[in-house]
Amino acid sequence: MAQPARAVVIGGGIGGLTVAVALHRSGRQVTVLERARSLEPVGAAISLAPNALRALDVIGLGDTIRDLAAWQGDGGLRTPSGRWLSRSSAAAAQRRFGGPLVLLHRATLIDHLAALLPDGTVRTACEATLADPGDARRPARVTTPDGELEADLVVGADGIDSAVRRTLFPEHPGPVYSGFTTWRVVIPVPGARFASHETWGRGRIWGTHPLKDGRVYAYAAAVTPAGGRGPDERAELLRRYGDWHDPIPAVLAAARPEDVLRHDVYHLAEPLPAYHRGRVALLGDAAHAMPPTLGQGGNQAIEDAIVLALSLAPGSAGTGGAPIADDLAGYSAARLPRTTAIARQAVRVARLNMTRNRAVMAVRNTAVAALSLAGPALVLRGFDGIADWRPPRPPYASVEANEADAGTR
C-alpha cells in the first residue's frame with residue numbers, strides 16, 4: 001500500500017494550522033513545526049469576513065465560528081468628537097456578502113483549528129530551517145533540532161519575517177515600514193454600551209468592538225517613526241486618545257499597562273514573483289504581508305491555505321514523478337493576483353485614513369458622509385470583491401453557504 005504523502009508546515013499560526021487541517025483531511029501526513037513554546041498566539045483579536053468563513057466551511061469549521069458573531073446592531077465610522085460619518089449594520093453586511101463579519105480572539109480560532117489535528121501533529125519549541133526546496137525528482141528537506149525531515153511538500157507559514165521566503169527568494173527586499181504603529185487590547189469594560197465603530201482622526205485611528213464573550217476589543221494606530229516603544233503604552237494611549245468620544249475613555253480607564261500590545265506595522269511593498277519554488281509553497285504574511293487597514297491579513301492566509309490544499313491533485317505530493325510543481329504553479333496563479341491587489345488596496349486605505357493633512361481629512365470626511373447617504377456604507381463597499389470570494393470548489397460545509405452558492409449558479 002502506498003504511503004500517504006508527507007507535508008511539513010513551518011509555522012503554527014492561523015494560516016499554518018488551517019493548511020495543516022486541510023492537508024490532513026485530504027489524506028496527507030502532516031507535521032507542523034512551531035518555534036514558539038506554545039500555540040498561544042501573539043496578538044489580540046481577528047476579524048473574519050465572509051470570504052474566510054467560506055474557506056473555513058471547507059474544513060468544517062465555518063458555522064462554529066459564525067456562532068461567535070457578536071456584532072448585531074449598528075456600527076460605522078466616526079470622528080474623534082463622536083460624529084458619525086458613515087453607518088452600517090450586521091444585517092446589511094450579511095445581505096451584501098452572504099454572511100456575517102465575526103470578531104473573535106485569535107486564541108479561540110487557534111484552539112478550534114488545533115483541535116481538528118491528530119495528537120502529535122504540532123511540534124512546539126521547534127526551530128525549523130528549509131535546507132532544500134526539492135524538485136520533481138527529490139523531496140524537500142527541513143532541518144530541526146531533532147534531525148532532518150524529508151517532505152513531499154513544505155509550506156512556509158512563518159510570518160512576515162519568513163526565513164522560508166528568504167531561502168526561496170533571496171533577492172527580494174523583504175518587508176518595509178508602513179509608517180504607523182498599532183496598539184491592541186482585549187479587556188472587560190464593565191457597563192460599557194456602544195455601537196461597534198472605527199474612528200478616524202488626524203494621523204490616528206481607533207476602533208472599539210464587542211466580543212461574544214463580553215469583553216471589548218479595541219485597537220489604535222498612529223503615524224509615528226518606527227521603534228518608538230515606551231515604558232507605559234497605556235499612558236501613550238491616554239495622551240493620544242484620552243479626549244476622544246465615549247467609550248474610548250472608559251476602555252482606557254479599564255486597561256492596565258500590561259494589557260496593551262504595541263507593534264510597528266510592516267508590509268511587503270514589492271510582490272513576490274511567485275508563491276512557490278520547488279516543493280515549497282508560501283502563504284499568509286510570508287507571501288503577502290499587508291497593513292491591517294482592511295482586516296484581511298488573516299483572512300487571506302485562510303484563503304491561501306484552502307486554495308493550496310484544493311490545488312493539490314490526489315497523490316500529487318509524491319516523489320514518483322507526480323506533477324506537484326504544476327499544482328503549486330496553479331496555486332501561485334490563483335493567489336498572487338488577488339492578494340497583491342488586496343495588499344495594494346490596504347496600503348491605499350492606510351494612506352487615506354491615516355492622513356495628517358487637514359485639507360485631505362476634510363475632503364475625505366465629506367466624501368465618506370455623502371457616499372454613505374447615497375448607498376451602502378463605505379465600510380461595506382470597501383469589501384466588494386473581497387468578502388464575496390468563494391473557495392474554488394463547492395460544496396461547502398455550511399448549509400447557508402451551500403444555499404447561497406446554489407443561488408449564484
# chains A, B, ... in the order shown; residues from 1 in each chain; ligands from 1
$ select_by_dssp --residues "region 253-366 of chain A" --states "alpha helix (DSSP H)" --output "VMD selection string"
chain A and resid 253 to 254 285 to 288 297 to 311 324 to 353 358 to 366
$ closest_atom_pairs --of "region 67-123 of chain A" --to "region 203-217 of chain A" --cutoff "10 Å" --atoms "only C-alpha atoms" --output "Markdown table"
| residue | atom | partner | partner_atom | distance |
| --- | --- | --- | --- | --- |
| A:Asp67 | CA | A:Lys212 | CA | 9.0 |
| A:Leu68 | CA | A:Lys212 | CA | 5.8 |
| A:Ala69 | CA | A:Lys212 | CA | 6.4 |
| A:Ala70 | CA | A:Lys212 | CA | 4.8 |
| A:Trp71 | CA | A:Pro210 | CA | 6.9 |
| A:Gln72 | CA | A:Pro210 | CA | 9.9 |
| A:Gly75 | CA | A:His209 | CA | 9.1 |
| A:Gly76 | CA | A:Gly207 | CA | 9.9 |
| A:Leu77 | CA | A:Gly207 | CA | 9.1 |
| A:Arg78 | CA | A:Trp206 | CA | 9.4 |
| A:Thr79 | CA | A:Ile205 | CA | 9.2 |
| A:Pro80 | CA | A:Trp206 | CA | 8.8 |
| A:Val102 | CA | A:Leu211 | CA | 8.9 |
| A:Leu103 | CA | A:Leu211 | CA | 6.4 |
| A:Leu104 | CA | A:Leu211 | CA | 6.2 |
| A:His105 | CA | A:Leu211 | CA | 8.0 |
$ write_last_selection --atoms "C-alpha atoms" --output "PDB file, in the first residue's frame"
ATOM      1  CA  ASP A  67     -21.821  31.282  16.008  1.00  0.00           C
ATOM      2  CA  LEU A  68     -19.290  33.546  17.711  1.00  0.00           C
ATOM      3  CA  ALA A  69     -20.510  36.667  15.896  1.00  0.00           C
ATOM      4  CA  ALA A  70     -21.254  39.455  18.393  1.00  0.00           C
ATOM      5  CA  TRP A  71     -21.983  42.431  16.117  1.00  0.00           C
ATOM      6  CA  GLN A  72     -25.787  42.555  15.890  1.00  0.00           C
ATOM      7  CA  GLY A  75     -21.791  50.472  13.578  1.00  0.00           C
ATOM      8  CA  GLY A  76     -19.674  52.571  11.287  1.00  0.00           C
ATOM      9  CA  LEU A  77     -17.124  55.360  11.047  1.00  0.00           C
ATOM     10  CA  ARG A  78     -16.864  58.312  13.456  1.00  0.00           C
ATOM     11  CA  THR A  79     -14.809  61.430  14.113  1.00  0.00           C
ATOM     12  CA  PRO A  80     -12.947  61.958  17.413  1.00  0.00           C
ATOM     13  CA  VAL A 102     -17.125  37.711  13.020  1.00  0.00           C
ATOM     14  CA  LEU A 103     -14.720  39.206  15.532  1.00  0.00           C
ATOM     15  CA  LEU A 104     -13.060  36.767  17.909  1.00  0.00           C
ATOM     16  CA  HIS A 105      -9.890  36.355  19.915  1.00  0.00           C
TER      17      HIS A 105
END
$ residues_around --residues "region 168-182 of chain A" --least-positions-apart "4" --cutoff "10 Å" --atoms "only C-alpha atoms" --output "PyMOL selection string"
chain A and resi 130+132-133+156+160-164+203-206+219-229+261-278+280-282+285-286+288-292+347+350-351+354
$ atom_distance --atom1 "CA of Ile187 (chain A)" --atom2 "CA of Ala93 (chain A)"
25.8 Å
$ atom_distance --atom1 "CA of Ala128 (chain A)" --atom2 "CA of Val58 (chain A)"
28.3 Å
$ select_by_dssp --residues "region 137-172 of chain A" --states "strand (DSSP E)" --output "PyMOL selection string"
chain A and resi 140-144+147-151+153-156
$ write_last_selection --atoms "all heavy atoms" --output "mmCIF file, in the first residue's frame"
data_model
loop_
_atom_site.group_PDB
_atom_site.id
_atom_site.type_symbol
_atom_site.label_atom_id
_atom_site.label_comp_id
_atom_site.auth_asym_id
_atom_site.auth_seq_id
_atom_site.Cartn_x
_atom_site.Cartn_y
_atom_site.Cartn_z
ATOM 1 N N ALA A 140 11.766 17.727 -0.597
ATOM 2 C CA ALA A 140 12.311 18.875 0.126
ATOM 3 C C ALA A 140 12.871 18.382 1.460
ATOM 4 O O ALA A 140 12.486 17.330 1.976
ATOM 5 C CB ALA A 140 11.226 19.915 0.355
ATOM 6 N N ARG A 141 13.792 19.176 2.044
ATOM 7 C CA ARG A 141 14.394 18.802 3.322
ATOM 8 C C ARG A 141 14.295 19.978 4.297
ATOM 9 O O ARG A 141 14.572 21.117 3.933
ATOM 10 C CB ARG A 141 15.849 18.385 3.150
ATOM 11 C CG ARG A 141 16.031 17.098 2.360
ATOM 12 C CD ARG A 141 17.481 16.640 2.294
ATOM 13 N NE ARG A 141 18.304 17.579 1.546
ATOM 14 C CZ ARG A 141 19.235 18.355 2.080
ATOM 15 N NH1 ARG A 141 19.451 18.341 3.392
ATOM 16 N NH2 ARG A 141 19.948 19.174 1.323
ATOM 17 N N VAL A 142 13.912 19.662 5.519
ATOM 18 C CA VAL A 142 13.780 20.660 6.579
ATOM 19 C C VAL A 142 14.615 20.217 7.766
ATOM 20 O O VAL A 142 14.520 19.063 8.215
ATOM 21 C CB VAL A 142 12.302 20.817 7.010
ATOM 22 C CG1 VAL A 142 12.182 21.768 8.186
ATOM 23 C CG2 VAL A 142 11.460 21.303 5.837
ATOM 24 N N THR A 143 15.436 21.118 8.264
ATOM 25 C CA THR A 143 16.294 20.828 9.404
ATOM 26 C C THR A 143 15.632 21.289 10.690
ATOM 27 O O THR A 143 15.123 22.410 10.765
ATOM 28 C CB THR A 143 17.658 21.522 9.255
ATOM 29 O OG1 THR A 143 18.266 21.096 8.024
ATOM 30 C CG2 THR A 143 18.581 21.186 10.414
ATOM 31 N N THR A 144 15.632 20.427 11.704
ATOM 32 C CA THR A 144 15.080 20.757 13.022
ATOM 33 C C THR A 144 16.105 20.375 14.087
ATOM 34 O O THR A 144 17.073 19.641 13.800
ATOM 35 C CB THR A 144 13.767 20.005 13.294
ATOM 36 O OG1 THR A 144 14.060 18.652 13.675
ATOM 37 C CG2 THR A 144 12.856 20.005 12.082
ATOM 38 N N GLY A 147 16.692 16.685 14.172
ATOM 39 C CA GLY A 147 17.138 15.997 12.973
ATOM 40 C C GLY A 147 16.469 16.556 11.729
ATOM 41 O O GLY A 147 15.724 17.535 11.776
ATOM 42 N N GLU A 148 16.719 15.917 10.622
ATOM 43 C CA GLU A 148 16.222 16.388 9.336
ATOM 44 C C GLU A 148 14.965 15.633 8.931
ATOM 45 O O GLU A 148 14.842 14.436 9.151
ATOM 46 C CB GLU A 148 17.298 16.207 8.266
ATOM 47 C CG GLU A 148 17.000 16.912 6.966
ATOM 48 C CD GLU A 148 18.178 16.880 6.010
ATOM 49 O OE1 GLU A 148 18.301 15.864 5.294
ATOM 50 O OE2 GLU A 148 18.965 17.858 6.003
ATOM 51 N N LEU A 149 14.020 16.365 8.352
ATOM 52 C CA LEU A 149 12.790 15.782 7.834
ATOM 53 C C LEU A 149 12.777 15.914 6.317
ATOM 54 O O LEU A 149 13.128 16.964 5.777
ATOM 55 C CB LEU A 149 11.555 16.495 8.406
ATOM 56 C CG LEU A 149 11.346 16.463 9.911
ATOM 57 C CD1 LEU A 149 10.124 17.302 10.280
ATOM 58 C CD2 LEU A 149 11.177 15.039 10.405
ATOM 59 N N GLU A 150 12.352 14.844 5.644
ATOM 60 C CA GLU A 150 12.095 14.914 4.217
ATOM 61 C C GLU A 150 10.595 15.068 4.014
ATOM 62 O O GLU A 150 9.794 14.498 4.755
ATOM 63 C CB GLU A 150 12.589 13.657 3.508
ATOM 64 C CG GLU A 150 14.102 13.565 3.438
ATOM 65 C CD GLU A 150 14.557 12.436 2.532
ATOM 66 O OE1 GLU A 150 13.707 11.565 2.175
ATOM 67 O OE2 GLU A 150 15.745 12.402 2.177
ATOM 68 N N ALA A 151 10.210 15.857 3.013
ATOM 69 C CA ALA A 151 8.791 16.116 2.790
ATOM 70 C C ALA A 151 8.504 16.203 1.308
ATOM 71 O O ALA A 151 9.319 16.701 0.518
ATOM 72 C CB ALA A 151 8.378 17.408 3.478
ATOM 73 N N LEU A 153 5.983 17.929 0.387
ATOM 74 C CA LEU A 153 5.514 19.312 0.305
ATOM 75 C C LEU A 153 5.918 20.026 1.584
ATOM 76 O O LEU A 153 5.747 19.486 2.683
ATOM 77 C CB LEU A 153 3.992 19.357 0.157
ATOM 78 C CG LEU A 153 3.327 20.727 0.305
ATOM 79 C CD1 LEU A 153 3.670 21.625 -0.874
ATOM 80 C CD2 LEU A 153 1.802 20.573 0.432
ATOM 81 N N VAL A 154 6.449 21.234 1.448
ATOM 82 C CA VAL A 154 6.717 22.108 2.598
ATOM 83 C C VAL A 154 5.918 23.387 2.402
ATOM 84 O O VAL A 154 5.886 23.952 1.300
ATOM 85 C CB VAL A 154 8.216 22.445 2.730
ATOM 86 C CG1 VAL A 154 8.457 23.499 3.819
ATOM 87 C CG2 VAL A 154 9.021 21.192 3.047
ATOM 88 N N VAL A 155 5.257 23.822 3.467
ATOM 89 C CA VAL A 155 4.502 25.072 3.437
ATOM 90 C C VAL A 155 5.184 26.058 4.386
ATOM 91 O O VAL A 155 5.328 25.788 5.576
ATOM 92 C CB VAL A 155 3.034 24.863 3.865
ATOM 93 C CG1 VAL A 155 2.276 26.191 3.794
ATOM 94 C CG2 VAL A 155 2.363 23.820 2.979
ATOM 95 N N GLY A 156 5.593 27.192 3.838
ATOM 96 C CA GLY A 156 6.173 28.261 4.649
ATOM 97 C C GLY A 156 5.075 29.185 5.139
ATOM 98 O O GLY A 156 4.557 29.999 4.373
#
$ atom_distance --atom1 "CA of Asp246 (chain A)" --atom2 "CA of Pro190 (chain A)"
13.6 Å
$ residues_around --residues "Leu308 (chain A)" --least-positions-apart "6" --cutoff "12 Å" --atoms "only C-alpha atoms" --output "PyMOL selection string"
chain A and resi 15-16+18-23+26+55+153-156+275-276+280-284+300-302+317+324+326-336+391-392
$ write_last_selection --atoms "C-alpha atoms" --output "tab-separated table (two decimals), in the first residue's frame"
chain	number	residue	atom	x	y	z
A	15	GLY	CA	-2.58	30.08	8.17
A	16	GLY	CA	-0.27	27.23	9.11
A	18	THR	CA	-5.59	25.94	8.55
A	19	VAL	CA	-3.47	24.40	5.80
A	20	ALA	CA	-2.44	21.59	8.14
A	21	VAL	CA	-6.09	20.74	8.79
A	22	ALA	CA	-6.95	20.92	5.08
A	23	LEU	CA	-3.99	18.72	4.11
A	26	SER	CA	-7.09	15.23	2.14
A	55	ALA	CA	-12.92	28.95	3.34
A	153	LEU	CA	5.51	19.31	0.30
A	154	VAL	CA	6.72	22.11	2.60
A	155	VAL	CA	4.50	25.07	3.44
A	156	GLY	CA	6.17	28.26	4.65
A	275	TYR	CA	4.32	31.88	-4.03
A	276	HIS	CA	6.21	28.65	-4.64
A	280	VAL	CA	7.67	24.65	-1.23
A	281	ALA	CA	4.69	27.00	-1.08
A	282	LEU	CA	4.34	30.23	0.90
A	283	LEU	CA	1.14	31.54	2.43
A	284	GLY	CA	-0.14	34.36	4.61
A	300	GLN	CA	-6.15	35.94	3.14
A	301	ALA	CA	-3.94	33.43	4.95
A	302	ILE	CA	-7.02	31.23	5.45
A	317	ALA	CA	2.77	15.45	-3.49
A	324	ILE	CA	3.36	18.82	-7.73
A	326	ASP	CA	2.18	22.12	-11.77
A	327	ASP	CA	-0.14	22.13	-8.76
A	328	LEU	CA	1.94	24.72	-6.93
A	329	ALA	CA	2.17	26.85	-10.06
A	330	GLY	CA	-1.63	26.76	-10.18
A	331	TYR	CA	-1.73	27.87	-6.55
A	332	SER	CA	0.55	30.84	-7.29
A	333	ALA	CA	-1.50	31.76	-10.34
A	334	ALA	CA	-4.71	31.67	-8.30
A	335	ARG	CA	-3.46	33.59	-5.28
A	336	LEU	CA	-0.81	36.08	-6.39
A	391	PRO	CA	-13.49	28.70	-2.50
A	392	PRO	CA	-12.80	27.20	-5.92
$ closest_residue --among "A:Asp135, A:Glu34, A:Asp158, A:Glu233" --to "Val122 (chain A)" --atoms "only C-alpha atoms"
A:Glu34
$ residues_around --residues "Ala125 (chain A)" --least-positions-apart "4" --cutoff "9 Å" --atoms "only C-alpha atoms" --output "number ranges by chain"
A: 33-38
$ closest_residue --among "A:Ala387, A:Met361, A:Val189, A:Ile306" --to "Leu101 (chain A)" --atoms "only C-alpha atoms"
A:Ala387
